[in-house]
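**Student:** Sharing a structure below in structure tokens format, with a few things to ask.
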Amino acid sequence: HITSARFSIDDDEEGESGQDMVCIADIQVKILLDHSCLKGIEYIKLTGPGTKNVTDHDAPQSRDYEAKIFVSSMDSRENECHSSSLNLLFSDNAEESILSYASIPTSGTFRPASSLMATFGGLPINGEWKISISLSQPIYPEDFHSSLLDWELKIDAKPCVARTAKWEKLLPTIMSSSTSSFSPRRLHTAVAVDNSIFVAGGFAERR
């Protein structure tokens, strides 16, 4: 069972450089939550807008960016159920990691399970943001009650820096005595090493 909440950011103001888009310089997440059984929280995930609708910034992404900010451990599932309210702030700059806890703490500031800046740093702010809370399935569903009271993002912004992707057609180097060309294929194995990609096996398009 997953509980989620969404909101959108739409910044129409232009910066000093004339750009109409700002990007993330730092990001924090605050969550207020009531839950009747804390060990039932499997993970908390933040999903941010990708760049699929943004031009002149990055290569288009087919899916949004996401980071799990809390992930429960197997040890936490052996604890007894108890209800509590959570007031948590997640920041990459926090001294203590959330991963140092077997079960989710009820208050404090922690480094998330996955780095927020490694996931969202430098990406555009505009778009839909979503927080998701995954709950384990209890034996008696009526025993679990959860309510997301509030959540907020604290974002420091900066002008976006264009990182336009440049696509280049790769020409194969045949590593055999065969004179046949390297045809497109499927079900092959590809290994990237430094600036080279080695392809072995597979089936040609018509086979």
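Order determines the names: the first chain of the structure tokens is A, the second B, and so forth; residues in each chain are numbered 1 upward, and ligands are numbered 1 upward as they are shown.
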If we count only C-alpha atoms, what is near segment 34-46 of chain A at a cut-off of 6 Å, once residues fewer than 2 positions away on the same chain are taken out, given as a PyMOL selection string?

**Tutor:** chain A and resi 66-72+76-77+81-85+130-136+144-147

**Student:** Once you have the residues from the selection above, write them out as a PDB file, in the first residue's frame, restricted to C-alpha atoms.

**Tutor:**
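Just written: selection-v7.pdb:
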```pdb
ATOM      1  CA  GLU A  66      13.466   9.679  -7.567  1.00  0.00           C
ATOM      2  CA  ALA A  67      15.328   9.148  -4.306  1.00  0.00           C
ATOM      3  CA  LYS A  68      14.414   6.929  -1.359  1.00  0.00           C
ATOM      4  CA  ILE A  69      14.945   9.032   1.742  1.00  0.00           C
ATOM      5  CA  PHE A  70      14.085   6.250   4.201  1.00  0.00           C
ATOM      6  CA  VAL A  71      14.294   2.462   3.842  1.00  0.00           C
ATOM      7  CA  SER A  72      13.369   0.113   6.695  1.00  0.00           C
ATOM      8  CA  SER A  76      12.722  -3.037  12.453  1.00  0.00           C
ATOM      9  CA  ARG A  77       9.992  -5.516  11.513  1.00  0.00           C
ATOM     10  CA  CYS A  81       3.784  -1.818  16.871  1.00  0.00           C
ATOM     11  CA  HIS A  82       3.318   1.572  18.471  1.00  0.00           C
ATOM     12  CA  SER A  83       1.654   4.703  17.171  1.00  0.00           C
ATOM     13  CA  SER A  84       3.465   7.995  16.931  1.00  0.00           C
ATOM     14  CA  SER A  85       3.748  11.265  15.058  1.00  0.00           C
ATOM     15  CA  LYS A 130       5.616  13.753  -5.204  1.00  0.00           C
ATOM     16  CA  ILE A 131       6.240  12.153  -1.815  1.00  0.00           C
ATOM     17  CA  SER A 132       5.372   8.440  -1.518  1.00  0.00           C
ATOM     18  CA  ILE A 133       5.148   6.329   1.640  1.00  0.00           C
ATOM     19  CA  SER A 134       5.059   2.571   1.188  1.00  0.00           C
ATOM     20  CA  LEU A 135       3.382   0.567   3.968  1.00  0.00           C
ATOM     21  CA  SER A 136       3.741  -3.162   4.518  1.00  0.00           C
ATOM     22  CA  PHE A 144      -2.905   0.178  10.554  1.00  0.00           C
ATOM     23  CA  HIS A 145      -3.839   3.832  10.262  1.00  0.00           C
ATOM     24  CA  SER A 146      -1.652   6.380   8.516  1.00  0.00           C
ATOM     25  CA  SER A 147      -2.086  10.068   7.759  1.00  0.00           C
TER      26      SER A 147
END
```

**Student:** Which of these residues is nearest to Ala102 of chain A, using only C-alpha atoms: A:Trp151, A:Ser73, A:Ser196, A:Phe120?

**Tutor:**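 Residue with the minimum atom-to-atom distance to Ala102 of chain A: A:Ser73.
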
**Student:** For atom CA of Trp129 of chain A and atom CA of Glu96 of chain A, quote the distance in Å rounded to one decimal.

**Tutor:**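 Atom CA of Glu96 of chain A lies at a distance of 25.2 Å from atom CA of Trp129 of chain A.
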
**Student:** Do a neighbour search on Gly122 of chain A at 8 Å with only C-alpha atoms, toss out local chain neighbours closer than 6 positions, and write the hits as JSON, numbers by chain.

**Tutor:** {"A": [23, 24, 25, 160, 161]}

**Student:** Go ahead and save the picked residues with N, CA, C and O atoms, as a PDB file, in the first residue's frame.

**Tutor:**
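Dumped to result00.pdb:
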```pdb
ATOM      1  N   CYS A  23      17.353  26.216 -11.308  1.00  0.00           N
ATOM      2  CA  CYS A  23      17.694  24.839 -10.983  1.00  0.00           C
ATOM      3  C   CYS A  23      18.059  24.707  -9.509  1.00  0.00           C
ATOM      4  O   CYS A  23      18.219  25.698  -8.796  1.00  0.00           O
ATOM      5  N   ILE A  24      18.210  23.489  -9.057  1.00  0.00           N
ATOM      6  CA  ILE A  24      18.398  23.184  -7.645  1.00  0.00           C
ATOM      7  C   ILE A  24      19.863  23.321  -7.250  1.00  0.00           C
ATOM      8  O   ILE A  24      20.737  22.660  -7.810  1.00  0.00           O
ATOM      9  N   ALA A  25      20.117  24.179  -6.235  1.00  0.00           N
ATOM     10  CA  ALA A  25      21.451  24.311  -5.644  1.00  0.00           C
ATOM     11  C   ALA A  25      21.537  23.534  -4.338  1.00  0.00           C
ATOM     12  O   ALA A  25      22.617  23.097  -3.929  1.00  0.00           O
ATOM     13  N   CYS A 160      19.933  28.020 -14.149  1.00  0.00           N
ATOM     14  CA  CYS A 160      20.268  26.755 -14.803  1.00  0.00           C
ATOM     15  C   CYS A 160      21.440  26.946 -15.761  1.00  0.00           C
ATOM     16  O   CYS A 160      21.559  27.978 -16.426  1.00  0.00           O
ATOM     17  N   VAL A 161      22.275  25.939 -15.827  1.00  0.00           N
ATOM     18  CA  VAL A 161      23.404  25.924 -16.758  1.00  0.00           C
ATOM     19  C   VAL A 161      23.107  24.884 -17.824  1.00  0.00           C
ATOM     20  O   VAL A 161      22.873  23.708 -17.514  1.00  0.00           O
TER      21      VAL A 161
END
```

**Student:** To one decimal in Å, tell me the separation between atom CA of Trp167 of chain A and atom CA of Val22 of chain A.

**Tutor:**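 Distance reported for this atom pair: 25.0 Å.
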
**Student:** If you measure from atom CA of Leu116 of chain A to atom CA of Ser103 of chain A, what distance in Å do you get, rounded to one decimal?

**Tutor:**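 It comes out at 20.6 Å.
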
**Student:** Can you list, as a ChimeraX atom specification, every protein, DNA or RNA residue that comes within 6 Å of Val29 of chain A when you count only C-alpha atoms, leaving out same-chain residues fewer than 5 positions away?

**Tutor:** /A:89-90,152-153
